[in-house]
file protein27.pdb (PDB, C-alpha atoms)
ATOM      1  CA  MET A   1      40.230 -50.664 -48.992  1.00  0.00           C
ATOM      2  CA  LEU A   2      42.434 -49.372 -46.171  1.00  0.00           C
ATOM      3  CA  ASP A   3      40.499 -46.116 -46.232  1.00  0.00           C
ATOM      4  CA  ARG A   4      37.271 -48.053 -45.670  1.00  0.00           C
ATOM      5  CA  PHE A   5      38.791 -49.759 -42.605  1.00  0.00           C
ATOM      6  CA  LYS A   6      40.037 -46.428 -41.250  1.00  0.00           C
ATOM      7  CA  ALA A   7      36.606 -44.874 -41.730  1.00  0.00           C
ATOM      8  CA  PHE A   8      34.985 -47.802 -39.932  1.00  0.00           C
ATOM      9  CA  LEU A   9      37.381 -47.505 -37.011  1.00  0.00           C
ATOM     10  CA  GLU A  10      36.772 -43.773 -36.686  1.00  0.00           C
ATOM     11  CA  VAL A  11      33.003 -44.311 -36.622  1.00  0.00           C
ATOM     12  CA  LYS A  12      33.422 -47.235 -34.202  1.00  0.00           C
ATOM     13  CA  GLN A  13      35.453 -45.110 -31.780  1.00  0.00           C
ATOM     14  CA  ALA A  14      32.915 -42.283 -31.950  1.00  0.00           C
ATOM     15  CA  ALA A  15      29.889 -44.539 -31.447  1.00  0.00           C
ATOM     16  CA  THR A  16      28.278 -44.678 -28.081  1.00  0.00           C
ATOM     17  CA  GLU A  17      27.664 -47.901 -26.188  1.00  0.00           C
ATOM     18  CA  GLY A  18      23.950 -48.148 -26.943  1.00  0.00           C
ATOM     19  CA  GLU A  19      23.949 -47.359 -30.647  1.00  0.00           C
ATOM     20  CA  ALA A  20      23.006 -50.094 -33.053  1.00  0.00           C
ATOM     21  CA  GLY A  21      22.909 -50.246 -36.793  1.00  0.00           C
ATOM     22  CA  GLY A  22      23.824 -52.174 -39.893  1.00  0.00           C
ATOM     23  CA  HIS A  23      27.332 -53.244 -40.627  1.00  0.00           C
ATOM     24  CA  THR A  24      29.093 -53.442 -43.959  1.00  0.00           C
ATOM     25  CA  PRO A  25      31.021 -56.488 -45.178  1.00  0.00           C
ATOM     26  CA  ASP A  26      34.237 -54.535 -44.499  1.00  0.00           C
ATOM     27  CA  GLU A  27      33.203 -54.094 -40.880  1.00  0.00           C
ATOM     28  CA  PHE A  28      32.474 -57.792 -40.553  1.00  0.00           C
ATOM     29  CA  HIS A  29      35.779 -58.693 -42.162  1.00  0.00           C
ATOM     30  CA  LEU A  30      37.695 -56.347 -39.870  1.00  0.00           C
ATOM     31  CA  ALA A  31      35.902 -57.614 -36.764  1.00  0.00           C
ATOM     32  CA  ALA A  32      36.643 -61.217 -37.730  1.00  0.00           C
ATOM     33  CA  ALA A  33      40.260 -60.392 -38.635  1.00  0.00           C
ATOM     34  CA  VAL A  34      40.793 -58.681 -35.275  1.00  0.00           C
ATOM     35  CA  LEU A  35      39.609 -61.849 -33.539  1.00  0.00           C
ATOM     36  CA  LEU A  36      41.871 -63.983 -35.739  1.00  0.00           C
ATOM     37  CA  VAL A  37      44.916 -61.817 -34.981  1.00  0.00           C
ATOM     38  CA  TYR A  38      43.993 -61.676 -31.316  1.00  0.00           C
ATOM     39  CA  ALA A  39      43.849 -65.490 -31.228  1.00  0.00           C
ATOM     40  CA  ALA A  40      47.185 -65.686 -33.043  1.00  0.00           C
ATOM     41  CA  THR A  41      48.858 -63.374 -30.545  1.00  0.00           C
ATOM     42  CA  ALA A  42      47.354 -65.006 -27.453  1.00  0.00           C
ATOM     43  CA  ASP A  43      50.593 -66.925 -26.918  1.00  0.00           C
ATOM     44  CA  ALA A  44      52.634 -63.693 -27.256  1.00  0.00           C
ATOM     45  CA  GLU A  45      53.945 -64.791 -30.663  1.00  0.00           C
ATOM     46  CA  PHE A  46      52.541 -64.045 -34.082  1.00  0.00           C
ATOM     47  CA  GLY A  47      54.554 -66.503 -36.100  1.00  0.00           C
ATOM     48  CA  LYS A  48      54.821 -67.112 -39.809  1.00  0.00           C
ATOM     49  CA  ASP A  49      52.513 -70.150 -39.693  1.00  0.00           C
ATOM     50  CA  GLU A  50      49.776 -68.162 -37.969  1.00  0.00           C
ATOM     51  CA  ARG A  51      50.134 -65.217 -40.348  1.00  0.00           C
ATOM     52  CA  THR A  52      50.037 -67.534 -43.356  1.00  0.00           C
ATOM     53  CA  ARG A  53      46.912 -69.231 -42.031  1.00  0.00           C
ATOM     54  CA  ILE A  54      45.160 -65.882 -41.438  1.00  0.00           C
ATOM     55  CA  GLU A  55      46.127 -64.667 -44.922  1.00  0.00           C
ATOM     56  CA  TRP A  56      44.719 -67.854 -46.451  1.00  0.00           C
ATOM     57  CA  LEU A  57      41.506 -67.565 -44.426  1.00  0.00           C
ATOM     58  CA  CYS A  58      41.008 -63.915 -45.408  1.00  0.00           C
ATOM     59  CA  GLU A  59      41.628 -64.636 -49.067  1.00  0.00           C
ATOM     60  CA  HIS A  60      39.485 -67.766 -49.302  1.00  0.00           C
ATOM     61  CA  ARG A  61      36.760 -67.270 -46.713  1.00  0.00           C
ATOM     62  CA  PHE A  62      36.285 -63.528 -47.257  1.00  0.00           C
ATOM     63  CA  GLU A  63      37.033 -63.736 -50.992  1.00  0.00           C
ATOM     64  CA  LEU A  64      39.679 -61.017 -50.835  1.00  0.00           C
ATOM     65  CA  GLY A  65      42.658 -60.528 -53.084  1.00  0.00           C
ATOM     66  CA  HIS A  66      46.121 -61.002 -51.621  1.00  0.00           C
ATOM     67  CA  ASP A  67      46.751 -57.260 -51.198  1.00  0.00           C
ATOM     68  CA  GLU A  68      43.316 -56.676 -49.671  1.00  0.00           C
ATOM     69  CA  ALA A  69      43.857 -59.546 -47.239  1.00  0.00           C
ATOM     70  CA  ASN A  70      47.197 -58.099 -46.171  1.00  0.00           C
ATOM     71  CA  GLU A  71      45.677 -54.641 -45.678  1.00  0.00           C
ATOM     72  CA  LEU A  72      42.926 -56.196 -43.589  1.00  0.00           C
ATOM     73  CA  ILE A  73      45.438 -58.095 -41.448  1.00  0.00           C
ATOM     74  CA  GLN A  74      47.553 -54.974 -40.955  1.00  0.00           C
ATOM     75  CA  ALA A  75      44.475 -53.009 -39.850  1.00  0.00           C
ATOM     76  CA  ALA A  76      43.567 -55.826 -37.458  1.00  0.00           C
ATOM     77  CA  GLU A  77      47.119 -55.927 -36.082  1.00  0.00           C
ATOM     78  CA  ARG A  78      46.991 -52.206 -35.357  1.00  0.00           C
ATOM     79  CA  GLN A  79      43.758 -52.689 -33.433  1.00  0.00           C
ATOM     80  CA  VAL A  80      45.221 -55.534 -31.393  1.00  0.00           C
ATOM     81  CA  GLU A  81      48.454 -53.579 -30.738  1.00  0.00           C
ATOM     82  CA  ASN A  82      46.407 -50.636 -29.469  1.00  0.00           C
ATOM     83  CA  SER A  83      44.956 -52.876 -26.762  1.00  0.00           C
ATOM     84  CA  VAL A  84      41.567 -52.971 -28.362  1.00  0.00           C
ATOM     85  CA  GLN A  85      38.868 -54.541 -26.265  1.00  0.00           C
ATOM     86  CA  LEU A  86      37.212 -57.480 -27.932  1.00  0.00           C
ATOM     87  CA  LEU A  87      33.708 -56.513 -26.893  1.00  0.00           C
ATOM     88  CA  GLY A  88      33.023 -54.106 -29.759  1.00  0.00           C
ATOM     89  CA  PHE A  89      34.258 -56.539 -32.368  1.00  0.00           C
ATOM     90  CA  THR A  90      32.525 -59.550 -30.855  1.00  0.00           C
ATOM     91  CA  ARG A  91      29.317 -57.511 -30.703  1.00  0.00           C
ATOM     92  CA  THR A  92      29.632 -56.762 -34.429  1.00  0.00           C
ATOM     93  CA  ILE A  93      29.991 -60.499 -35.068  1.00  0.00           C
ATOM     94  CA  LYS A  94      27.177 -61.462 -32.689  1.00  0.00           C
ATOM     95  CA  ASP A  95      24.783 -58.903 -34.153  1.00  0.00           C
ATOM     96  CA  GLY A  96      25.619 -59.420 -37.807  1.00  0.00           C
ATOM     97  CA  PHE A  97      26.516 -63.065 -38.277  1.00  0.00           C
ATOM     98  CA  SER A  98      24.030 -65.903 -38.303  1.00  0.00           C
ATOM     99  CA  TYR A  99      24.609 -68.661 -35.780  1.00  0.00           C
ATOM    100  CA  ASP A 100      26.109 -70.898 -38.489  1.00  0.00           C
ATOM    101  CA  GLU A 101      28.442 -68.088 -39.569  1.00  0.00           C
ATOM    102  CA  ARG A 102      29.573 -67.635 -35.963  1.00  0.00           C
ATOM    103  CA  ILE A 103      30.320 -71.361 -35.739  1.00  0.00           C
ATOM    104  CA  HIS A 104      32.256 -71.050 -38.993  1.00  0.00           C
ATOM    105  CA  LEU A 105      34.224 -68.166 -37.464  1.00  0.00           C
ATOM    106  CA  MET A 106      35.018 -70.389 -34.479  1.00  0.00           C
ATOM    107  CA  GLU A 107      36.468 -72.923 -36.929  1.00  0.00           C
ATOM    108  CA  MET A 108      38.585 -70.182 -38.482  1.00  0.00           C
ATOM    109  CA  LEU A 109      39.810 -69.166 -35.030  1.00  0.00           C
ATOM    110  CA  TRP A 110      40.684 -72.766 -34.168  1.00  0.00           C
ATOM    111  CA  GLU A 111      42.632 -73.016 -37.435  1.00  0.00           C
ATOM    112  CA  VAL A 112      44.730 -70.065 -36.322  1.00  0.00           C
ATOM    113  CA  VAL A 113      45.221 -71.461 -32.816  1.00  0.00           C
ATOM    114  CA  TYR A 114      46.328 -74.804 -34.274  1.00  0.00           C
ATOM    115  CA  ALA A 115      48.645 -73.144 -36.847  1.00  0.00           C
ATOM    116  CA  ASP A 116      51.648 -73.596 -34.553  1.00  0.00           C
ATOM    117  CA  GLU A 117      50.432 -77.117 -33.656  1.00  0.00           C
ATOM    118  CA  LEU A 118      50.253 -76.316 -29.948  1.00  0.00           C
ATOM    119  CA  VAL A 119      47.188 -75.190 -28.022  1.00  0.00           C
ATOM    120  CA  GLU A 120      48.186 -73.614 -24.746  1.00  0.00           C
ATOM    121  CA  ALA A 121      45.795 -73.279 -21.810  1.00  0.00           C
ATOM    122  CA  HIS A 122      45.374 -69.522 -22.247  1.00  0.00           C
ATOM    123  CA  GLU A 123      44.562 -69.998 -25.943  1.00  0.00           C
ATOM    124  CA  ALA A 124      41.858 -72.516 -25.096  1.00  0.00           C
ATOM    125  CA  SER A 125      40.553 -70.104 -22.460  1.00  0.00           C
ATOM    126  CA  LEU A 126      40.479 -67.272 -24.996  1.00  0.00           C
ATOM    127  CA  MET A 127      38.526 -69.472 -27.401  1.00  0.00           C
ATOM    128  CA  ARG A 128      35.926 -70.188 -24.705  1.00  0.00           C
ATOM    129  CA  GLN A 129      35.701 -66.451 -23.983  1.00  0.00           C
ATOM    130  CA  ILE A 130      35.230 -65.543 -27.636  1.00  0.00           C
ATOM    131  CA  ALA A 131      32.636 -68.291 -28.118  1.00  0.00           C
ATOM    132  CA  SER A 132      30.713 -66.923 -25.163  1.00  0.00           C
ATOM    133  CA  LEU A 133      30.927 -63.326 -26.421  1.00  0.00           C
ATOM    134  CA  ILE A 134      29.631 -64.259 -29.880  1.00  0.00           C
ATOM    135  CA  TYR A 135      26.957 -66.530 -28.397  1.00  0.00           C
ATOM    136  CA  VAL A 136      28.232 -69.878 -29.666  1.00  0.00           C
ATOM    137  CA  ASP A 137      27.464 -72.588 -27.153  1.00  0.00           C
ATOM    138  CA  ASP A 138      30.203 -74.838 -25.753  1.00  0.00           C
ATOM    139  CA  ARG A 139      28.963 -77.898 -27.628  1.00  0.00           C
ATOM    140  CA  ASP A 140      29.091 -76.218 -31.047  1.00  0.00           C
ATOM    141  CA  SER A 141      32.440 -74.606 -30.282  1.00  0.00           C
ATOM    142  CA  GLY A 142      33.785 -78.037 -29.354  1.00  0.00           C
ATOM    143  CA  ILE A 143      32.426 -79.528 -32.566  1.00  0.00           C
ATOM    144  CA  ALA A 144      34.084 -76.718 -34.544  1.00  0.00           C
ATOM    145  CA  ARG A 145      37.370 -77.489 -32.796  1.00  0.00           C
ATOM    146  CA  SER A 146      36.999 -81.199 -33.548  1.00  0.00           C
ATOM    147  CA  ARG A 147      36.336 -80.540 -37.241  1.00  0.00           C
ATOM    148  CA  VAL A 148      39.489 -78.425 -37.497  1.00  0.00           C
ATOM    149  CA  ARG A 149      41.559 -81.039 -35.667  1.00  0.00           C
ATOM    150  CA  ALA A 150      40.192 -83.789 -37.952  1.00  0.00           C
ATOM    151  CA  ARG A 151      41.086 -81.781 -41.072  1.00  0.00           C
ATOM    152  CA  LEU A 152      44.598 -81.173 -39.769  1.00  0.00           C
ATOM    153  CA  ASP A 153      45.052 -84.828 -38.813  1.00  0.00           C
ATOM    154  CA  ALA A 154      43.879 -85.882 -42.290  1.00  0.00           C
ATOM    155  CA  LYS A 155      46.633 -83.730 -43.861  1.00  0.00           C
ATOM    156  CA  ASP A 156      49.352 -85.555 -41.909  1.00  0.00           C
TER
END
call {"tool": "encode", "arguments": {"input": "protein27.pdb", "output": "structure tokens"}}
result
Amino acid sequence: MLDRFKAFLEVKQAATEGEAGGHTPDEFHLAAAVLLVYAATADAEFGKDERTRIEWLCEHRFELGHDEANELIQAAERQVENSVQLLGFTRTIKDGFSYDERIHLMEMLWEVVYADELVEAHEASLMRQIASLIYVDDRDSGIARSRVRARLDAKD
């Protein structure tokens, strides 16, 4: 699986701005995982709670095994550490996910942001930026946030 992610990244880096084309499930998973890790590190900490939440999301929402999920997260971390710009990954999401899938991704992102039980101003700002880049309107992003908050409140 890691080889598939590496191959995708090499092609992604070589692609020119105007090229379009189909994306594989691995590409979608990596693009989503990069956004999840990026959201987790927005507060300059990537804590255990956030990592655990991302692992769970990758395993259950992407239907990956534990080892595959960890490989995916490690590949995403490398992209975030290398100061990757979000635009390429958000474009992959925007172009390849249906609107409902993009809203679902926003819920996943909110789950990561809420993993440490504190939403800082820059995290909320990042969420608005990502929603805009993947063409999810403010209303639907807010509803996604509310659903996540309601689920978390119900657990308490």
call {"tool": "resolve_selection", "arguments": {"input": "protein27.pdb", "expression": "the PyMOL selection byres ((chain A and resi 90) around 9)", "output": "list in words"}}
result
Ala31, Ala32, Leu35, Leu86, Leu87, Gly88, Phe89, Arg91, Thr92, Ile93, Lys94, Asp95, Ile130, Leu133 and Ile134 of chain A
call {"tool": "write_last_selection", "arguments": {"input": "protein27.pdb", "atoms": "C-alpha atoms", "output": "tab-separated table (two decimals), in the frame of the given file"}}
result
chain	number	residue	atom	x	y	z
A	31	ALA	CA	35.90	-57.61	-36.76
A	32	ALA	CA	36.64	-61.22	-37.73
A	35	LEU	CA	39.61	-61.85	-33.54
A	86	LEU	CA	37.21	-57.48	-27.93
A	87	LEU	CA	33.71	-56.51	-26.89
A	88	GLY	CA	33.02	-54.11	-29.76
A	89	PHE	CA	34.26	-56.54	-32.37
A	91	ARG	CA	29.32	-57.51	-30.70
A	92	THR	CA	29.63	-56.76	-34.43
A	93	ILE	CA	29.99	-60.50	-35.07
A	94	LYS	CA	27.18	-61.46	-32.69
A	95	ASP	CA	24.78	-58.90	-34.15
A	130	ILE	CA	35.23	-65.54	-27.64
A	133	LEU	CA	30.93	-63.33	-26.42
A	134	ILE	CA	29.63	-64.26	-29.88
call {"tool": "atom_distance", "arguments": {"input": "protein27.pdb", "atom1": "atom CA of Phe97 of chain A", "atom2": "atom CA of Glu59 of chain A"}}
result
18.6 Å
call {"tool": "residues_around", "arguments": {"input": "protein27.pdb", "residues": "Leu105 of chain A", "least_positions_apart": "6", "cutoff": "12 Å", "atoms": "all atoms listed in the file", "output": "ChimeraX atom specification"}}
result
/A:28-29,31-36,39,54,57-58,61-62,90,93-94,97-99,111-112,127,130-131,134-136,140-141,144-145,148
call {"tool": "atom_distance", "arguments": {"input": "protein27.pdb", "atom1": "atom CA of Gln79 of chain A", "atom2": "atom CA of Arg147 of chain A"}}
result
29.1 Å
call {"tool": "atom_distance", "arguments": {"input": "protein27.pdb", "atom1": "atom CA of Arg78 of chain A", "atom2": "atom CA of Arg51 of chain A"}}
result
14.3 Å
call {"tool": "closest_residue", "arguments": {"input": "protein27.pdb", "among": "A:Ser125, A:Gln85, A:Ser132, A:Asn70", "to": "Val113 of chain A", "atoms": "all atoms listed in the file"}}
result
A:Ser125
call {"tool": "closest_residue", "arguments": {"input": "protein27.pdb", "among": "A:Ile103, A:Glu81, A:Ala76, A:Leu109", "to": "Glu123 of chain A", "atoms": "all atoms listed in the file"}}
result
A:Leu109
call {"tool": "closest_residue", "arguments": {"input": "protein27.pdb", "among": "A:Glu107, A:Glu63, A:Glu120, A:Asp49", "to": "Gly142 of chain A", "atoms": "only C-alpha atoms"}}
result
A:Glu107
call {"tool": "resolve_selection", "arguments": {"input": "protein27.pdb", "expression": "the PyMOL selection byres ((chain A and resi 116) around 9)", "output": "list in words"}}
result
Gly47, Lys48, Asp49, Glu50, Val112, Val113, Tyr114, Ala115, Glu117, Leu118 and Val119 of chain A
call {"tool": "closest_residue", "arguments": {"input": "protein27.pdb", "among": "A:Thr24, A:Leu126, A:Gly96, A:Leu64", "to": "Tyr38 of chain A", "atoms": "all atoms listed in the file"}}
result
A:Leu126
call {"tool": "closest_residue", "arguments": {"input": "protein27.pdb", "among": "A:Asp100, A:Val80, A:Asp138, A:Arg151", "to": "Ala42 of chain A", "atoms": "all atoms listed in the file"}}
result
A:Val80
